[in-house]
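Visitor: What follows is protein.pdb; its format and atoms are PDB, C-alpha atoms, pLDDT in the B column.
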ATOM      1  CA  PRO A  20      -5.395  19.249 -24.316  1.00 57.00           C
ATOM      2  CA  ARG A  21      -3.469  19.654 -21.076  1.00 62.00           C
ATOM      3  CA  GLY A  22      -3.677  22.963 -19.260  1.00 64.00           C
ATOM      4  CA  ILE A  23      -0.582  24.776 -18.094  1.00 66.00           C
ATOM      5  CA  LYS A  24      -1.324  24.076 -14.420  1.00 66.00           C
ATOM      6  CA  GLU A  25      -0.799  20.551 -13.107  1.00 70.00           C
ATOM      7  CA  GLY A  26      -4.102  18.648 -13.038  1.00 72.00           C
ATOM      8  CA  PHE A  27      -5.904  20.978 -15.477  1.00 79.00           C
ATOM      9  CA  ALA A  28      -7.204  20.364 -18.999  1.00 78.00           C
ATOM     10  CA  VAL A  29      -8.363  22.753 -21.706  1.00 81.00           C
ATOM     11  CA  VAL A  30     -12.036  22.039 -22.449  1.00 82.00           C
ATOM     12  CA  TYR A  31     -12.356  24.425 -25.398  1.00 83.00           C
ATOM     13  CA  HIS A  32     -10.370  27.064 -27.209  1.00 85.00           C
ATOM     14  CA  PHE A  33     -10.704  29.522 -30.075  1.00 85.00           C
ATOM     15  CA  GLU A  34      -8.464  31.728 -32.164  1.00 88.00           C
ATOM     16  CA  VAL A  35      -8.816  35.490 -31.835  1.00 87.00           C
ATOM     17  CA  LYS A  36      -9.826  37.155 -35.076  1.00 86.00           C
ATOM     18  CA  GLU A  37     -10.453  40.799 -35.794  1.00 82.00           C
ATOM     19  CA  PRO A  38     -14.086  41.450 -34.801  1.00 77.00           C
ATOM     20  CA  THR A  39     -16.671  42.281 -37.432  1.00 75.00           C
ATOM     21  CA  LEU A  40     -17.813  45.865 -37.735  1.00 76.00           C
ATOM     22  CA  GLU A  41     -21.240  44.825 -36.417  1.00 78.00           C
ATOM     23  CA  LYS A  42     -19.769  43.330 -33.229  1.00 78.00           C
ATOM     24  CA  TRP A  43     -17.505  46.328 -32.695  1.00 78.00           C
ATOM     25  CA  LYS A  44     -20.454  48.741 -33.046  1.00 77.00           C
ATOM     26  CA  SER A  45     -22.570  46.717 -30.610  1.00 77.00           C
ATOM     27  CA  LEU A  46     -19.705  46.810 -28.114  1.00 75.00           C
ATOM     28  CA  MET A  47     -19.408  50.581 -28.533  1.00 75.00           C
ATOM     29  CA  ASN A  48     -23.109  50.862 -27.594  1.00 76.00           C
ATOM     30  CA  SER A  49     -22.781  48.616 -24.514  1.00 74.00           C
ATOM     31  CA  LYS A  50     -21.779  49.320 -20.911  1.00 68.00           C
ATOM     32  CA  ALA A  51     -18.179  48.516 -21.858  1.00 70.00           C
ATOM     33  CA  ASN A  52     -18.015  51.699 -23.968  1.00 75.00           C
ATOM     34  CA  LYS A  53     -16.311  53.720 -21.209  1.00 77.00           C
ATOM     35  CA  ASP A  54     -13.606  51.031 -20.932  1.00 77.00           C
ATOM     36  CA  ILE A  55     -12.975  51.181 -24.690  1.00 79.00           C
ATOM     37  CA  ALA A  56     -12.196  54.906 -24.577  1.00 78.00           C
ATOM     38  CA  ARG A  57     -10.263  54.774 -21.288  1.00 84.00           C
ATOM     39  CA  LEU A  58      -8.051  51.840 -22.350  1.00 85.00           C
ATOM     40  CA  ASN A  59      -7.580  53.021 -25.945  1.00 85.00           C
ATOM     41  CA  LEU A  60      -8.912  49.753 -27.402  1.00 85.00           C
ATOM     42  CA  SER A  61      -9.267  48.986 -31.091  1.00 84.00           C
ATOM     43  CA  PRO A  62     -10.464  45.946 -33.093  1.00 84.00           C
ATOM     44  CA  THR A  63      -6.854  44.671 -33.198  1.00 87.00           C
ATOM     45  CA  ASN A  64      -5.913  45.570 -29.595  1.00 88.00           C
ATOM     46  CA  LEU A  65      -8.415  44.293 -27.016  1.00 88.00           C
ATOM     47  CA  THR A  66      -8.337  43.355 -23.351  1.00 90.00           C
ATOM     48  CA  LEU A  67      -9.002  39.714 -22.510  1.00 91.00           C
ATOM     49  CA  PRO A  68     -12.508  40.290 -21.016  1.00 90.00           C
ATOM     50  CA  ILE A  69     -13.599  42.310 -24.065  1.00 87.00           C
ATOM     51  CA  ALA A  70     -12.260  39.573 -26.384  1.00 88.00           C
ATOM     52  CA  LEU A  71     -14.214  36.950 -24.408  1.00 88.00           C
ATOM     53  CA  MET A  72     -17.409  38.979 -24.708  1.00 84.00           C
ATOM     54  CA  MET A  73     -17.015  39.495 -28.447  1.00 83.00           C
ATOM     55  CA  MET A  74     -15.536  36.250 -29.716  1.00 83.00           C
ATOM     56  CA  ASP A  75     -16.251  33.332 -27.388  1.00 79.00           C
ATOM     57  CA  PRO A  76     -18.168  30.791 -29.512  1.00 73.00           C
ATOM     58  CA  SER A  77     -20.071  29.474 -26.475  1.00 76.00           C
ATOM     59  CA  ASN A  78     -21.512  32.974 -25.785  1.00 77.00           C
ATOM     60  CA  LYS A  79     -21.144  32.421 -22.034  1.00 81.00           C
ATOM     61  CA  PHE A  80     -19.771  35.907 -21.420  1.00 80.00           C
ATOM     62  CA  GLU A  81     -22.566  38.346 -22.186  1.00 79.00           C
ATOM     63  CA  THR A  82     -21.454  40.941 -19.636  1.00 81.00           C
ATOM     64  CA  ILE A  83     -18.114  42.541 -18.902  1.00 83.00           C
ATOM     65  CA  SER A  84     -18.406  41.562 -15.215  1.00 86.00           C
ATOM     66  CA  GLY A  85     -18.870  37.860 -16.091  1.00 86.00           C
ATOM     67  CA  ALA A  86     -15.857  37.940 -18.400  1.00 88.00           C
ATOM     68  CA  ARG A  87     -13.727  39.662 -15.736  1.00 90.00           C
ATOM     69  CA  LYS A  88     -14.772  37.121 -13.099  1.00 90.00           C
ATOM     70  CA  ILE A  89     -13.669  34.093 -15.130  1.00 88.00           C
ATOM     71  CA  CYS A  90     -10.326  35.818 -15.787  1.00 90.00           C
ATOM     72  CA  ARG A  91      -9.831  36.472 -12.059  1.00 91.00           C
ATOM     73  CA  ASP A  92     -10.630  32.805 -11.309  1.00 88.00           C
ATOM     74  CA  GLY A  93      -7.576  31.706 -13.337  1.00 86.00           C
ATOM     75  CA  CYS A  94      -9.583  29.578 -15.770  1.00 87.00           C
ATOM     76  CA  ILE A  95      -8.582  31.354 -18.981  1.00 91.00           C
ATOM     77  CA  LEU A  96      -5.370  30.579 -20.864  1.00 89.00           C
ATOM     78  CA  LEU A  97      -3.843  33.037 -23.290  1.00 91.00           C
ATOM     79  CA  HIS A  98      -1.535  31.564 -25.928  1.00 89.00           C
ATOM     80  CA  ARG A  99       0.470  33.960 -28.103  1.00 90.00           C
ATOM     81  CA  GLY A 100       0.395  32.827 -31.718  1.00 87.00           C
ATOM     82  CA  GLN A 101      -0.421  29.460 -33.233  1.00 84.00           C
ATOM     83  CA  LEU A 102      -0.864  26.384 -31.021  1.00 83.00           C
ATOM     84  CA  GLY A 103       1.663  23.562 -31.165  1.00 83.00           C
ATOM     85  CA  MET A 104       1.082  20.468 -33.304  1.00 80.00           C
ATOM     86  CA  ASN A 105      -0.452  17.401 -31.637  1.00 79.00           C
ATOM     87  CA  GLU A 106       1.564  14.439 -32.938  1.00 80.00           C
ATOM     88  CA  ASN A 107      -1.284  11.980 -32.287  1.00 81.00           C
ATOM     89  CA  ASN A 108      -3.913  13.607 -34.500  1.00 80.00           C
ATOM     90  CA  GLY A 109      -1.972  16.144 -36.590  1.00 78.00           C
ATOM     91  CA  GLN A 110      -4.019  19.110 -35.347  1.00 78.00           C
ATOM     92  CA  ARG A 111      -2.847  22.287 -33.648  1.00 79.00           C
ATOM     93  CA  THR A 112      -4.216  21.742 -30.134  1.00 77.00           C
ATOM     94  CA  VAL A 113      -1.142  21.922 -27.862  1.00 78.00           C
ATOM     95  CA  PHE A 114      -0.764  24.951 -25.580  1.00 81.00           C
ATOM     96  CA  LEU A 115       3.020  25.474 -25.488  1.00 82.00           C
ATOM     97  CA  PRO A 116       4.098  26.466 -21.938  1.00 83.00           C
ATOM     98  CA  GLU A 117       6.652  29.022 -23.152  1.00 87.00           C
ATOM     99  CA  ARG A 118       3.956  30.853 -25.160  1.00 88.00           C
ATOM    100  CA  SER A 119       1.040  30.378 -22.739  1.00 88.00           C
ATOM    101  CA  LYS A 120       0.017  32.091 -19.547  1.00 90.00           C
ATOM    102  CA  ILE A 121      -2.973  32.303 -17.278  1.00 91.00           C
ATOM    103  CA  GLY A 122      -4.970  35.247 -18.586  1.00 91.00           C
ATOM    104  CA  LYS A 123      -5.492  38.292 -16.384  1.00 93.00           C
ATOM    105  CA  VAL A 124      -8.101  41.029 -16.736  1.00 92.00           C
ATOM    106  CA  GLY A 125      -5.612  43.589 -18.075  1.00 90.00           C
ATOM    107  CA  ASP A 126      -3.914  41.342 -20.647  1.00 93.00           C
ATOM    108  CA  ARG A 127      -4.031  42.585 -24.225  1.00 93.00           C
ATOM    109  CA  VAL A 128      -5.224  40.229 -26.954  1.00 92.00           C
ATOM    110  CA  TYR A 129      -4.327  40.485 -30.643  1.00 91.00           C
ATOM    111  CA  PRO A 130      -5.516  38.670 -33.805  1.00 90.00           C
ATOM    112  CA  GLY A 131      -3.782  35.289 -34.035  1.00 89.00           C
ATOM    113  CA  ASP A 132      -3.709  34.677 -30.270  1.00 91.00           C
ATOM    114  CA  VAL A 133      -5.598  31.662 -28.886  1.00 90.00           C
ATOM    115  CA  ILE A 134      -7.845  31.794 -25.819  1.00 91.00           C
ATOM    116  CA  GLY A 135      -8.745  28.601 -23.966  1.00 88.00           C
ATOM    117  CA  LYS A 136     -10.748  27.645 -20.891  1.00 88.00           C
ATOM    118  CA  GLN A 137      -9.101  25.221 -18.494  1.00 86.00           C
ATOM    119  CA  VAL A 138     -10.764  23.221 -15.722  1.00 83.00           C
ATOM    120  CA  VAL A 139      -9.566  20.923 -12.950  1.00 79.00           C
ATOM    121  CA  VAL A 140      -9.394  17.275 -13.971  1.00 75.00           C
ATOM    122  CA  GLY A 141      -9.686  14.433 -11.478  1.00 67.00           C
ATOM    123  CA  ASN A 142      -9.010  10.823 -12.514  1.00 62.00           C
ATOM    124  CA  GLY A 143      -9.033  11.837 -16.167  1.00 55.00           C
ATOM    125  CA  PHE A 144     -12.503  13.431 -16.053  1.00 54.00           C
ATOM    126  CA  TYR A 145     -13.757  16.939 -15.492  1.00 53.00           C
ATOM    127  CA  LEU A 146     -17.005  17.877 -13.840  1.00 53.00           C
ATOM    128  CA  GLU A 147     -19.576  19.784 -15.835  1.00 56.00           C
ATOM    129  CA  ARG A 148     -23.024  19.637 -14.325  1.00 53.00           C
ATOM    130  CA  LYS A 149     -26.124  20.549 -16.231  1.00 55.00           C
ATOM    131  CA  PHE A 150     -29.262  20.355 -14.125  1.00 53.00           C
ATOM    132  CA  THR A 151     -32.387  19.435 -16.054  1.00 60.00           C
ATOM    133  CA  ARG A 152     -34.970  19.564 -13.278  1.00 66.00           C
ATOM    134  CA  ALA A 153     -35.843  21.770 -10.359  1.00 68.00           C
ATOM    135  CA  PRO A 154     -34.344  20.990  -6.938  1.00 65.00           C
ATOM    136  CA  LEU A 155     -36.354  18.805  -4.545  1.00 68.00           C
ATOM    137  CA  PHE A 156     -36.489  21.570  -1.946  1.00 67.00           C
ATOM    138  CA  GLU A 157     -37.820  25.126  -1.855  1.00 71.00           C
ATOM    139  CA  LEU A 158     -35.222  27.800  -2.675  1.00 64.00           C
TER     140      LEU A 158
END
Take the structure from the file and write it as structure tokens.
Guide:
Amino acid sequence: PRGIKEGFAVVYHFEVKEPTLEKWKSLMNSKANKDIARLNLSPTNLTLPIALMMMDPSNKFETISGARKICRDGCILLHRGQLGMNENNGQRTVFLPERSKIGKVGDRVYPGDVIGKQVVVGNGFYLERKFTRAPLFEL
């Protein structure tokens, strides 16, 4: 799907659901515990970085600092409510501009919201490098 910035595309997205009790307890025992108390968070009222840590299916955000960094980079979209219908395939994959915004660290996230990661697209393709061998020079 298209991102909300010109030249961006959403590479993956997921719907926010209320976290399981197990995930909530593990978060309470993590370094993010002081943020939970200070910000008055609950399983149905989270900040965007905490939601990324708990619910991202790719598990790329294991630390609060990594989740905050991606939010500050402007790569995360926050869509309030259900996505719009894609007329080509009949699936809900369209980020509606009037209900979407670039996610910030302090944004609150609720069950039913959709979080997506957007990347820059050039000539219809986006760059995702995965290196499989060591570099040819000494690091």
Visitor: Would you mind telling me which residue in A:Gly26, A:Glu41, A:Leu67, A:Ala56 lies nearest to Arg91 (chain A) when using all atoms listed in the file?
Guide: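 Answer, going by the shortest atom-to-atom distance: A:Leu67.
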Visitor: Considering only C-alpha atoms, return as number ranges by chain whatever protein or nucleic-acid residues lie within 9 Å of Ala70 (chain A), sequence-local ones (same chain, fewer than 2 positions apart) excluded.
Guide: A: 35, 38, 65-68, 72-75, 86, 128, 134
Visitor: Any idea what the distance is between CA of Leu46 (chain A) and CA of Ile95 (chain A)?
Guide: 21.1 Å
Visitor: Find the residues near Phe33 (chain A): any atom within 12 Å, counting all atoms listed in the file, skip ones fewer than 6 places away on the same chain, and give them as a list in words.
Guide: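 What passes the distance filter is Ala70, Leu71, Met73, Met74, Asp75, Pro76, Ser77, Ile95, Leu96, Leu97, His98, Gly100, Gln101, Leu102, Arg111, Thr112, Phe114, Pro130, Gly131, Asp132, Val133, Ile134, Gly135 and Lys136 of chain A.
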Visitor: Tell me which residues the PyMOL selection byres ((chain A and resi 122) around 7) grabs here, as a VMD selection string.
Guide: chain A and resid 90 93 95 to 97 120 to 121 123 to 124 126
Visitor: So, counting all atoms listed in the file, which residue among A:Ile89, A:Val29, A:Glu81, A:Pro62 is closest to Lys44 (chain A)?
Guide: A:Pro62
Visitor: Please compute the CA of Lys88 (chain A)-CA of Glu157 (chain A) distance, one decimal, in Å.
Guide: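 About the pair CA of Lys88 (chain A) and CA of Glu157 (chain A): they are 28.3 Å apart.
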Visitor: What does the distance from CA of Asn59 (chain A) to CA of Glu37 (chain A) come to in Å, to one decimal?
Guide: 16.0 Å
Visitor: Nearest residue to Ile69 (chain A) out of A:Gly103, A:Val140, A:Cys94, A:Trp43, using only C-alpha atoms?
Guide: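 Of all the options, A:Trp43 lies closest to Ile69 (chain A).
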Visitor: Determine the nearest neighbour of Phe27 (chain A) from the options A:Ala51, A:Val113, A:Val138, A:Ile83, counting only C-alpha atoms.
Guide: A:Val138
